[in-house]
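Participant: If it helps, the file is called my_file_25.cif and holds mmCIF, C-alpha atoms:
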data_target
#
loop_
_atom_site.label_atom_id
_atom_site.label_comp_id
_atom_site.auth_asym_id
_atom_site.auth_seq_id
_atom_site.Cartn_x
_atom_site.Cartn_y
_atom_site.Cartn_z
CA MET C 1 -20.25 13.62 -0.12
CA GLU C 2 -21.58 13.15 3.41
CA PHE C 3 -22.52 9.68 4.59
CA ARG C 4 -25.46 8.84 6.82
CA ARG C 5 -24.05 5.46 7.74
CA VAL C 6 -20.91 3.37 7.50
CA ARG C 7 -21.09 -0.40 7.67
CA LEU C 8 -18.29 -2.73 8.84
CA ALA C 9 -18.37 -6.43 8.03
CA ARG C 10 -15.89 -9.22 8.78
CA SER C 11 -16.44 -12.66 7.36
CA THR C 12 -16.33 -15.65 9.70
CA THR C 13 -15.91 -18.20 6.89
CA THR C 14 -12.91 -18.97 4.69
CA ASN C 15 -15.01 -20.44 1.86
CA PRO C 16 -14.35 -18.27 -1.23
CA TRP C 17 -17.73 -18.89 -2.85
CA ASP C 18 -19.61 -17.76 0.25
CA ASN C 19 -17.30 -14.78 0.74
CA LEU C 20 -17.74 -13.55 -2.83
CA ALA C 21 -21.49 -14.07 -2.57
CA ARG C 22 -21.54 -11.95 0.58
CA GLU C 23 -19.56 -9.25 -1.17
CA GLU C 24 -22.11 -9.02 -3.98
CA TYR C 25 -24.91 -9.15 -1.40
CA LEU C 26 -23.36 -6.11 0.33
CA VAL C 27 -23.06 -4.30 -3.01
CA ASN C 28 -26.79 -4.80 -3.54
CA LEU C 29 -27.49 -3.73 0.04
CA CYS C 30 -25.41 -0.54 -0.03
CA GLY C 31 -27.54 2.60 0.25
CA ASP C 32 -27.09 5.88 -1.61
CA ASP C 33 -25.58 7.53 1.48
CA GLU C 34 -23.65 4.57 2.88
CA ALA C 35 -20.03 3.37 2.81
CA ILE C 36 -19.13 -0.28 3.49
CA LEU C 37 -15.82 -1.93 4.39
CA TYR C 38 -15.83 -5.72 4.13
CA LEU C 39 -12.84 -7.79 5.35
CA TRP C 40 -12.51 -11.48 4.47
CA GLN C 41 -10.12 -14.40 3.99
CA ASN C 42 -10.13 -17.43 1.70
CA ALA C 43 -8.36 -20.70 2.45
CA HIS C 44 -6.31 -22.48 -0.26
CA THR C 45 -7.99 -20.79 -3.23
CA VAL C 46 -7.17 -19.48 -6.68
CA VAL C 47 -9.45 -16.60 -7.66
CA VAL C 48 -9.58 -15.71 -11.35
CA GLY C 49 -10.82 -12.44 -12.83
CA ARG C 50 -14.27 -12.14 -14.36
CA ASN C 51 -12.99 -12.55 -17.93
CA GLN C 52 -10.18 -15.07 -17.51
CA ASN C 53 -9.78 -18.64 -18.76
CA PRO C 54 -9.17 -20.68 -15.57
CA TRP C 55 -7.34 -23.51 -17.39
CA ALA C 56 -4.86 -21.00 -18.78
CA GLU C 57 -4.41 -19.07 -15.52
CA CYS C 58 -3.89 -21.84 -12.98
CA ARG C 59 -2.92 -25.50 -12.62
CA LEU C 60 -6.49 -26.46 -11.92
CA ASP C 61 -6.07 -30.22 -11.60
CA LEU C 62 -3.17 -29.80 -9.19
CA LEU C 63 -5.06 -27.24 -7.12
CA GLU C 64 -8.14 -29.41 -6.73
CA SER C 65 -6.16 -32.62 -6.15
CA GLU C 66 -4.50 -30.89 -3.20
CA GLY C 67 -7.77 -29.75 -1.66
CA GLY C 68 -7.87 -26.26 -3.12
CA ARG C 69 -10.81 -24.38 -4.62
CA LEU C 70 -11.23 -22.33 -7.78
CA ALA C 71 -13.35 -19.19 -7.56
CA ARG C 72 -14.27 -16.47 -10.04
CA ARG C 73 -14.90 -12.91 -8.88
CA SER C 74 -17.14 -10.29 -10.46
CA THR C 75 -14.32 -7.86 -11.28
CA GLY C 76 -11.62 -7.78 -13.95
CA GLY C 77 -7.90 -8.19 -13.41
CA GLY C 78 -5.70 -11.26 -13.04
CA ALA C 79 -5.58 -14.51 -11.10
CA VAL C 80 -4.46 -14.53 -7.46
CA TYR C 81 -3.75 -17.19 -4.86
CA HIS C 82 -5.38 -16.82 -1.44
CA ASP C 83 -4.54 -18.57 1.80
CA LEU C 84 -4.97 -17.61 5.44
CA GLY C 85 -1.81 -15.50 5.20
CA ASN C 86 -3.75 -13.16 2.94
CA LEU C 87 -6.39 -10.59 3.93
CA ASN C 88 -8.95 -9.27 1.44
CA TYR C 89 -10.67 -5.90 1.71
CA SER C 90 -13.68 -4.57 -0.19
CA PHE C 91 -14.79 -0.94 -0.42
CA ILE C 92 -18.46 -0.69 -1.44
CA LEU C 93 -19.79 2.78 -2.15
CA PRO C 94 -22.34 4.78 -4.11
CA ARG C 95 -20.83 5.56 -7.50
CA ARG C 96 -20.61 9.29 -6.84
CA ALA C 97 -18.49 8.60 -3.74
CA TYR C 98 -16.16 6.13 -5.46
CA SER C 99 -12.53 7.32 -5.53
CA MET C 100 -9.63 4.92 -6.04
CA GLU C 101 -7.30 7.53 -4.57
CA ARG C 102 -9.36 7.83 -1.39
CA GLN C 103 -9.84 4.09 -1.05
CA LEU C 104 -6.18 3.21 -1.57
CA GLY C 105 -5.31 6.12 0.69
CA THR C 106 -7.28 4.37 3.41
CA VAL C 107 -5.20 1.21 3.01
CA LEU C 108 -1.90 3.11 2.87
CA GLY C 109 -2.94 5.24 5.85
CA ALA C 110 -3.76 2.15 7.90
CA LEU C 111 -0.34 0.70 7.11
CA ARG C 112 1.36 3.95 8.11
CA THR C 113 -0.28 3.76 11.54
CA LEU C 114 1.37 0.35 11.89
CA GLY C 115 4.77 1.72 10.87
CA ILE C 116 4.81 0.53 7.24
CA SER C 117 5.56 2.97 4.44
CA ALA C 118 4.14 1.83 1.08
CA GLU C 119 3.01 3.36 -2.21
CA PHE C 120 0.77 2.81 -5.22
CA SER C 121 2.45 1.53 -8.38
CA GLY C 122 1.40 0.54 -11.89
CA ARG C 123 -2.23 -0.10 -12.72
CA ASN C 124 -3.37 -1.85 -9.54
CA ASP C 125 -0.48 -2.65 -7.16
CA LEU C 126 0.65 -1.51 -3.73
CA VAL C 127 4.37 -1.94 -3.21
CA ILE C 128 7.18 -1.59 -0.70
CA GLY C 129 10.53 -0.93 -2.31
CA GLY C 130 9.19 -2.01 -5.68
CA ARG C 131 7.88 -5.36 -4.40
CA LYS C 132 4.14 -6.01 -4.53
CA PHE C 133 2.09 -6.97 -1.48
CA SER C 134 -1.35 -5.97 -2.74
CA GLY C 135 -3.29 -6.13 -6.00
CA ASN C 136 -6.61 -4.43 -6.66
CA ALA C 137 -9.61 -4.78 -8.96
CA TYR C 138 -12.86 -2.92 -9.36
CA GLN C 139 -16.35 -2.91 -10.80
CA ILE C 140 -18.35 0.25 -11.40
CA THR C 141 -22.02 0.00 -12.27
CA ARG C 142 -24.58 2.72 -12.89
CA HIS C 143 -25.17 3.32 -9.18
CA LYS C 144 -22.48 1.45 -7.20
CA GLY C 145 -18.73 1.09 -7.02
CA LEU C 146 -16.87 -2.00 -5.78
CA HIS C 147 -13.11 -1.88 -5.19
CA HIS C 148 -11.44 -4.89 -3.61
CA GLY C 149 -7.87 -5.93 -3.05
CA THR C 150 -5.50 -8.30 -1.31
CA LEU C 151 -2.96 -7.79 1.44
CA LEU C 152 -0.21 -10.41 1.65
CA LEU C 153 0.49 -10.74 5.36
CA SER C 154 2.20 -14.13 5.64
CA ALA C 155 1.14 -15.94 2.48
CA ASP C 156 2.83 -19.16 1.38
CA MET C 157 4.88 -17.93 -1.59
CA ALA C 158 5.68 -21.47 -2.70
CA LYS C 159 1.96 -22.18 -3.11
CA LEU C 160 1.50 -18.93 -5.00
CA SER C 161 4.08 -20.03 -7.57
CA ARG C 162 2.84 -23.63 -7.52
CA TYR C 163 -0.70 -22.98 -8.68
CA LEU C 164 -0.54 -19.90 -10.91
CA ASN C 165 0.44 -19.85 -14.57
CA VAL C 166 1.85 -16.39 -15.06
CA ASP C 167 2.12 -15.13 -18.64
CA PRO C 168 5.87 -14.93 -19.44
CA GLU C 169 5.21 -11.76 -21.44
CA LYS C 170 3.71 -10.16 -18.35
CA LEU C 171 6.82 -10.93 -16.34
CA LYS C 172 9.07 -9.76 -19.16
CA THR C 173 7.37 -6.39 -19.31
CA LYS C 174 7.97 -5.99 -15.58
CA GLY C 175 11.64 -6.92 -15.93
CA VAL C 176 11.60 -9.83 -13.48
CA ALA C 177 12.23 -13.54 -13.81
CA SER C 178 9.34 -14.97 -11.80
CA VAL C 179 6.21 -14.12 -9.87
CA ALA C 180 7.90 -14.96 -6.55
CA SER C 181 10.64 -12.40 -7.10
CA ARG C 182 8.23 -9.47 -7.35
CA VAL C 183 5.95 -10.10 -4.35
CA MET C 184 6.45 -9.88 -0.60
CA ASN C 185 4.59 -10.32 2.67
CA LEU C 186 3.91 -7.43 5.00
CA ARG C 187 5.64 -9.40 7.75
CA ASP C 188 8.83 -9.05 5.71
CA ALA C 189 8.54 -5.32 6.42
CA LEU C 190 7.17 -5.65 9.97
CA PRO C 191 7.89 -9.10 11.47
CA GLY C 192 5.59 -8.76 14.46
CA LEU C 193 2.50 -7.72 12.49
CA SER C 194 -0.62 -9.73 13.40
CA LEU C 195 -3.84 -10.27 11.51
CA ASP C 196 -5.85 -8.59 14.27
CA ASP C 197 -3.58 -5.53 14.14
CA LEU C 198 -4.16 -5.27 10.40
CA LEU C 199 -7.93 -5.73 10.69
CA ASP C 200 -8.24 -3.10 13.42
CA ALA C 201 -6.02 -0.59 11.62
CA LEU C 202 -8.05 -0.86 8.41
CA GLU C 203 -11.35 -0.36 10.21
CA LYS C 204 -10.06 2.58 12.25
CA GLU C 205 -8.66 4.35 9.19
CA PHE C 206 -11.90 3.69 7.29
CA LEU C 207 -13.97 5.24 10.08
CA ASP C 208 -11.64 8.27 10.16
CA ARG C 209 -11.92 8.87 6.41
CA TYR C 210 -15.58 7.98 5.92
CA ARG C 211 -17.26 9.72 8.82
CA ALA C 212 -20.96 9.22 9.48
CA PRO C 213 -23.35 9.61 12.41
CA GLU C 214 -24.27 5.92 12.32
CA VAL C 215 -21.84 3.02 12.45
CA LEU C 216 -23.28 -0.44 11.87
CA ARG C 217 -21.22 -3.59 12.40
CA GLU C 218 -22.42 -6.74 10.67
CA THR C 219 -21.87 -9.54 13.19
CA LYS C 220 -23.68 -12.40 11.41
CA GLU C 221 -23.35 -14.04 8.03
CA PRO C 222 -26.24 -13.07 5.73
CA GLU C 223 -29.31 -15.24 5.33
CA GLY C 224 -32.29 -15.35 3.00
CA GLU C 225 -33.06 -16.25 -0.59
CA GLU C 226 -31.00 -13.50 -2.23
CA TYR C 227 -27.78 -14.51 -0.49
CA ALA C 228 -28.47 -18.23 -0.99
CA SER C 229 -28.97 -17.65 -4.71
CA LEU C 230 -25.70 -15.70 -4.97
CA ALA C 231 -23.80 -18.39 -3.05
CA GLU C 232 -25.19 -21.06 -5.36
CA ARG C 233 -24.06 -19.13 -8.43
CA TYR C 234 -20.53 -18.50 -7.16
CA ARG C 235 -20.00 -22.19 -6.37
CA SER C 236 -21.50 -23.43 -9.66
CA ARG C 237 -19.20 -24.95 -12.27
CA GLU C 238 -20.81 -22.80 -14.95
CA TRP C 239 -19.74 -19.60 -13.18
CA ARG C 240 -16.32 -20.79 -12.03
CA LEU C 241 -15.19 -22.44 -15.27
CA GLY C 242 -16.98 -20.21 -17.74
CA ARG C 243 -16.98 -20.87 -21.47
CA SER C 244 -13.94 -22.21 -23.31
CA PRO C 245 -15.44 -23.27 -26.64
CA ASP C 246 -13.89 -25.01 -29.60
CA CYS C 247 -13.14 -22.23 -32.02
CA ALA C 248 -11.90 -21.56 -35.51
CA VAL C 249 -9.85 -18.50 -34.62
CA THR C 250 -7.82 -17.60 -31.55
CA VAL C 251 -5.67 -14.47 -31.34
CA ARG C 252 -3.72 -13.15 -28.36
CA ARG C 253 -1.87 -9.98 -27.48
CA ARG C 254 -0.43 -8.43 -24.34
CA PHE C 255 -0.90 -4.70 -24.01
CA PRO C 256 0.54 -2.40 -21.32
CA TRP C 257 -2.89 -2.46 -19.62
CA GLY C 258 -3.35 -6.25 -19.74
CA GLY C 259 -3.43 -9.37 -21.87
CA MET C 260 -6.27 -10.25 -24.25
CA GLU C 261 -7.31 -13.47 -25.97
CA ILE C 262 -10.19 -13.48 -28.46
CA ARG C 263 -11.76 -16.78 -29.53
CA LEU C 264 -14.48 -16.98 -32.14
CA ASN C 265 -16.06 -19.13 -34.80
CA VAL C 266 -16.87 -17.98 -38.30
CA LYS C 267 -20.34 -18.69 -39.67
CA ASN C 268 -21.46 -17.48 -43.09
CA GLY C 269 -18.54 -15.08 -43.14
CA HIS C 270 -19.42 -13.48 -39.79
CA ALA C 271 -17.91 -13.68 -36.30
CA ALA C 272 -19.92 -16.07 -34.13
CA ASP C 273 -19.84 -17.04 -30.45
CA PRO C 274 -16.94 -14.73 -29.54
CA VAL C 275 -15.36 -15.17 -26.13
CA VAL C 276 -12.84 -12.67 -24.78
CA PHE C 277 -10.43 -13.61 -21.99
CA SER C 278 -8.44 -10.85 -20.31
CA ASP C 279 -6.86 -9.69 -17.07
CA ALA C 280 -7.68 -6.06 -17.93
CA MET C 281 -8.93 -4.10 -14.94
CA ASP C 282 -12.14 -2.92 -16.64
CA GLY C 283 -14.09 -6.16 -16.58
CA GLU C 284 -17.32 -4.63 -17.93
CA MET C 285 -15.48 -3.33 -20.99
CA ILE C 286 -14.15 -6.80 -21.78
CA LEU C 287 -17.60 -8.35 -21.38
CA SER C 288 -19.02 -5.76 -23.77
CA LEU C 289 -16.31 -6.43 -26.36
CA GLY C 290 -17.46 -10.02 -26.91
CA LYS C 291 -21.03 -8.83 -27.52
CA ILE C 292 -19.86 -6.14 -29.93
CA LEU C 293 -18.00 -8.65 -32.11
CA GLU C 294 -20.96 -11.03 -32.45
CA GLY C 295 -22.24 -11.00 -36.03
CA VAL C 296 -19.63 -8.60 -37.41
CA PRO C 297 -18.33 -9.61 -40.87
CA PHE C 298 -15.13 -11.59 -40.35
CA ARG C 299 -12.77 -9.01 -41.74
CA TRP C 300 -10.20 -7.48 -39.44
CA THR C 301 -10.90 -3.92 -40.60
CA GLU C 302 -14.62 -4.27 -39.99
CA MET C 303 -14.09 -5.76 -36.55
CA ALA C 304 -11.68 -2.95 -35.73
CA GLU C 305 -14.24 -0.36 -36.85
CA ALA C 306 -16.95 -2.01 -34.75
CA VAL C 307 -14.69 -1.75 -31.69
CA ARG C 308 -13.98 1.94 -32.36
CA LYS C 309 -17.65 2.79 -32.74
CA ALA C 310 -18.61 0.95 -29.58
CA PHE C 311 -15.84 2.45 -27.42
CA PRO C 312 -15.07 5.91 -28.83
CA ASP C 313 -13.49 7.18 -25.61
CA SER C 314 -11.47 4.13 -24.57
CA PRO C 315 -7.68 4.22 -25.08
CA GLU C 316 -7.55 0.46 -24.43
CA MET C 317 -10.09 -0.30 -27.15
CA ALA C 318 -8.34 2.10 -29.53
CA GLU C 319 -5.21 -0.04 -29.13
CA THR C 320 -7.30 -3.18 -29.60
CA ALA C 321 -8.72 -1.81 -32.85
CA LEU C 322 -5.25 -0.99 -34.17
CA TRP C 323 -4.12 -4.53 -33.36
CA LEU C 324 -7.12 -6.05 -35.16
CA GLU C 325 -6.35 -3.91 -38.21
CA GLU C 326 -2.94 -5.56 -38.35
CA ALA C 327 -4.78 -8.84 -39.16
CA PRO C 328 -3.36 -10.89 -36.23
CA ILE C 329 -3.59 -14.13 -38.23
CA SER C 330 -3.04 -14.87 -41.90
CA GLY C 331 -4.70 -18.13 -42.80
CA LYS C 332 -3.58 -19.88 -39.61
CA LYS C 333 -5.96 -21.49 -37.18
CA GLU C 334 -4.28 -19.89 -34.20
CA ALA C 335 -1.83 -17.07 -33.68
CA ASP C 336 -0.08 -16.13 -30.49
CA GLU C 337 1.17 -12.58 -30.63
#
Could you render the structure as structure tokens?
Facilitator:
Amino acid sequence: MEFRRVRLARSTTTNPWDNLAREEYLVNLCGDDEAILYLWQNAHTVVVGRNQNPWAECRLDLLESEGGRLARRSTGGGAVYHDLGNLNYSFILPRRAYSMERQLGTVLGALRTLGISAEFSGRNDLVIGGRKFSGNAYQITRHKGLHHGTLLLSADMAKLSRYLNVDPEKLKTKGVASVASRVMNLRDALPGLSLDDLLDALEKEFLDRYRAPEVLRETKEPEGEEYASLAERYRSREWRLGRSPDCAVTVRRRFPWGGMEIRLNVKNGHAADPVVFSDAMDGEMILSLGKILEGVPFRWTEMAEAVRKAFPDSPEMAETALWLEEAPISGKKEADE
């Protein structure tokens, strides 16, 4: 499609709650014929995915005792550590213009102009020689598409390992012993690379690939009631910590596309108050799953059938239904697959 306008925005704050609020503000602002690139950094922060349990994903007490912040983003995927050696990018587009290939091509193209050869790997990673320097997540609504990712420039790898609890099964499936062994900084590939070089290269490549007669650069942080309300929500404990209720049943499984934990109570023989934690990329799907299970008779076959009916075209939910049919627990309070 042709764009009437492209918008460039760079954050001047390193507060994760304000940065995520601005991102959602830009999503709401994006016009039907507009493409937006937003570049931002967070200081000393763990960001969890929309459907993750923060206590399970990071050493929260340690993080906060050492001056760090916990944030929750609006997209799916897994937990990440951000410091000022990390640059975040957000592509915000009308849904009909959303293309992961084009967006990641913009990032890879910018790196090529700097002399770095990289490639896409797995479900959401950019790698150099098999080592990850970027992870990506997305959210697609009826009218808009948000795709954001990280670029490790000179991140403190010791802090990354210090604060994150990485699922051992996730590491085992990738054939590595630790999170530190499978990530790298871009400065490992290009020692002289600066943050300004990276920022400029991304914007130039974006302008080359998303051409429009009007280019608007956002030079000020947003103001007004809408942004203030978003910032308040992102910094609230309710949003950041989410729900982690006492429950009668907890089942877990790691699939090739991500891990899943389902917690629920049983009332009058029916599933009640289900909560689903996952690092799956499709955050909206995971949110919907919890709603689908509410009130379903607590029989594994019936829950599996409810999942199939609700998501007839989803390979991930087809696998979930098969797992539920296996009756993940047999009279135990908790099972860890």
Participant: Need the shell around C:Pro94: protein/DNA/RNA residues with any atom at most 7 Å away, counting only C-alpha atoms. Skip same-chain ones fewer than 2 positions apart. Format as a PyMOL selection string?
Facilitator: chain C and resi 32+96-98+143-145
Participant: Name the closest residue to C:Tyr38 among the candidates C:Leu70, C:Leu26, C:Leu63, C:Met260; distances are taken between atoms, counting only C-alpha atoms.
Facilitator: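 Answer, going by the shortest atom-to-atom distance: C:Leu26.
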Participant: Applied to this file, what does the PyMOL selection byres ((chain C and resi 72) around 10) return in terms of residues, put as a list in words?
Facilitator: Pro16, Trp17, Leu20, Val46, Val47, Val48, Gly49, Arg50, Asn51, Gln52, Pro54, Leu70, Ala71, Arg73, Ser74, Thr75, Gly76, Ala79, Tyr234, Arg235, Trp239, Arg240, Leu241 and Gly242 of chain C
Participant: Would you mind listing what lies within 9 Å of C:Gln103 as number ranges by chain, with only C-alpha atoms counted and same-chain residues fewer than 5 positions away left out?
Facilitator: C: 91, 98, 108, 147, 206
Participant: With 8 Å on each side, where is the centre of the axis-aligned box around all listed atoms of stretch 293-310 of chain C, and how long are its edges in Å to one decimal, as lines of an AutoDock Vina configuration file?
Facilitator:
center_x = -16.2
center_y = -4.4
center_z = -35.7
size_x = 28.0
size_y = 30.4
size_z = 28.2
Participant: When you look at C:Pro213 with a cut-off of 9 Å (counting all atoms listed in the file), what residues show up, excluding the ones that are within fewer than 4 positions of it in the same chain? I need them as number ranges by chain.
Facilitator: C: 3-6
Participant: Any chance you could resolve the PyMOL selection byres ((chain C and resi 230) around 10) against this file and give the residues as an MDAnalysis selection string?
Facilitator: chainID C and resid 17:18 20:25 225:229 231:236
Participant: Looking at C:Gly290, C:Gly68, C:Gly115, C:Gly130, which one is nearest to C:Leu190, with distances taken over only C-alpha atoms?
Facilitator: C:Gly115
Participant: Just the residues within 9 Å of C:Glu119, please, counting all atoms listed in the file, with nothing from its chain fewer than 3 positions along; format it as number ranges by chain.
Facilitator: C: 108, 125-130
Participant: For C:Glu316, which residue among C:Met285, C:Leu152, C:Leu60, C:Ala304 is the nearest when counting all atoms listed in the file?
Facilitator: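 Closest to C:Glu316, using all atoms listed in the file: C:Met285.
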Participant: Using all atoms listed in the file for the distances, tell me which of C:Glu294, C:Asp61, C:Glu302, C:Asp156 is nearest to C:Asn185.
Facilitator: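 Distance minimum relative to C:Asn185 lands on C:Asp156.
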Participant: Rank C:Thr45, C:Thr320, C:Leu293, C:Pro328 by their smallest atom-to-atom distance to C:Glu64, using all atoms listed in the file, and report the top residue only.
Facilitator: C:Thr45
Participant: Which residues would end up in the selection if the PyMOL selection byres ((chain C and resi 271) around 10) were applied here, given that I need the answer as a list of chain:residue names?
Facilitator: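 Applied to this file, the PyMOL selection byres ((chain C and resi 271) around 10) returns C:Ala248, C:Val249, C:Arg263, C:Leu264, C:Asn265, C:Val266, C:Lys267, C:Asn268, C:Gly269, C:His270, C:Ala272, C:Asp273, C:Pro274, C:Leu293, C:Glu294, C:Gly295, C:Val296, C:Pro297, C:Phe298, C:Arg299, C:Met303.
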Participant: Extract, using all atoms listed in the file, all DNA, RNA and protein residues at most 7 Å from C:Ala9, discarding same-chain residues fewer than 2 positions from it, and format them as a ChimeraX atom specification.
Facilitator: /C:7,11,37-39,217-219
Participant: Given the choices C:Met317, C:Ala280, C:Cys58, C:Met157, which gets closest to C:Asn136 if the distance is worked out from only C-alpha atoms?
Facilitator: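 Checking each candidate against C:Asn136, we get C:Ala280 as the closest.
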Participant: Can I get a file of stretch 29-46 of chain C from the given structure, N, CA and C atoms kept, as a PDB file, in the first residue's frame?
Facilitator:
ATOM      1  N   LEU C  29      -2.837   6.444  17.808  1.00  0.00           N
ATOM      2  CA  LEU C  29      -2.713   7.630  16.964  1.00  0.00           C
ATOM      3  C   LEU C  29      -2.550   7.293  15.488  1.00  0.00           C
ATOM      4  N   CYS C  30      -1.999   6.125  15.190  1.00  0.00           N
ATOM      5  CA  CYS C  30      -1.637   5.756  13.824  1.00  0.00           C
ATOM      6  C   CYS C  30      -2.841   5.801  12.885  1.00  0.00           C
ATOM      7  N   GLY C  31      -2.671   6.519  11.775  1.00  0.00           N
ATOM      8  CA  GLY C  31      -3.742   6.638  10.793  1.00  0.00           C
ATOM      9  C   GLY C  31      -3.784   5.459   9.836  1.00  0.00           C
ATOM     10  N   ASP C  32      -4.825   5.411   9.006  1.00  0.00           N
ATOM     11  CA  ASP C  32      -5.006   4.301   8.076  1.00  0.00           C
ATOM     12  C   ASP C  32      -3.986   4.302   6.943  1.00  0.00           C
ATOM     13  N   ASP C  33      -3.314   5.424   6.734  1.00  0.00           N
ATOM     14  CA  ASP C  33      -2.332   5.530   5.652  1.00  0.00           C
ATOM     15  C   ASP C  33      -0.994   6.014   6.194  1.00  0.00           C
ATOM     16  N   GLU C  34      -0.649   5.561   7.398  1.00  0.00           N
ATOM     17  CA  GLU C  34       0.536   6.049   8.093  1.00  0.00           C
ATOM     18  C   GLU C  34       1.376   4.882   8.597  1.00  0.00           C
ATOM     19  N   ALA C  35       2.691   5.050   8.589  1.00  0.00           N
ATOM     20  CA  ALA C  35       3.630   4.081   9.152  1.00  0.00           C
ATOM     21  C   ALA C  35       4.475   4.792  10.207  1.00  0.00           C
ATOM     22  N   ILE C  36       4.659   4.149  11.355  1.00  0.00           N
ATOM     23  CA  ILE C  36       5.373   4.768  12.475  1.00  0.00           C
ATOM     24  C   ILE C  36       6.533   3.884  12.904  1.00  0.00           C
ATOM     25  N   LEU C  37       7.700   4.498  13.117  1.00  0.00           N
ATOM     26  CA  LEU C  37       8.846   3.839  13.738  1.00  0.00           C
ATOM     27  C   LEU C  37       9.144   4.559  15.051  1.00  0.00           C
ATOM     28  N   TYR C  38       9.130   3.799  16.129  1.00  0.00           N
ATOM     29  CA  TYR C  38       9.359   4.346  17.472  1.00  0.00           C
ATOM     30  C   TYR C  38      10.589   3.651  18.053  1.00  0.00           C
ATOM     31  N   LEU C  39      11.573   4.443  18.506  1.00  0.00           N
ATOM     32  CA  LEU C  39      12.818   3.926  19.062  1.00  0.00           C
ATOM     33  C   LEU C  39      12.936   4.378  20.521  1.00  0.00           C
ATOM     34  N   TRP C  40      13.293   3.434  21.410  1.00  0.00           N
ATOM     35  CA  TRP C  40      13.239   3.738  22.844  1.00  0.00           C
ATOM     36  C   TRP C  40      14.164   2.813  23.618  1.00  0.00           C
ATOM     37  N   GLN C  41      14.547   3.258  24.820  1.00  0.00           N
ATOM     38  CA  GLN C  41      15.405   2.490  25.709  1.00  0.00           C
ATOM     39  C   GLN C  41      14.833   2.494  27.126  1.00  0.00           C
ATOM     40  N   ASN C  42      14.999   1.375  27.815  1.00  0.00           N
ATOM     41  CA  ASN C  42      14.636   1.267  29.226  1.00  0.00           C
ATOM     42  C   ASN C  42      15.885   1.026  30.057  1.00  0.00           C
ATOM     43  N   ALA C  43      15.930   1.631  31.224  1.00  0.00           N
ATOM     44  CA  ALA C  43      17.056   1.427  32.130  1.00  0.00           C
ATOM     45  C   ALA C  43      16.695   0.381  33.183  1.00  0.00           C
ATOM     46  N   HIS C  44      17.570  -0.616  33.370  1.00  0.00           N
ATOM     47  CA  HIS C  44      17.497  -1.577  34.478  1.00  0.00           C
ATOM     48  C   HIS C  44      16.071  -2.103  34.669  1.00  0.00           C
ATOM     49  N   THR C  45      15.575  -2.831  33.680  1.00  0.00           N
ATOM     50  CA  THR C  45      14.174  -3.239  33.650  1.00  0.00           C
ATOM     51  C   THR C  45      14.034  -4.677  33.179  1.00  0.00           C
ATOM     52  N   VAL C  46      13.130  -5.411  33.795  1.00  0.00           N
ATOM     53  CA  VAL C  46      12.663  -6.675  33.234  1.00  0.00           C
ATOM     54  C   VAL C  46      11.262  -6.433  32.683  1.00  0.00           C
TER      55      VAL C  46
END
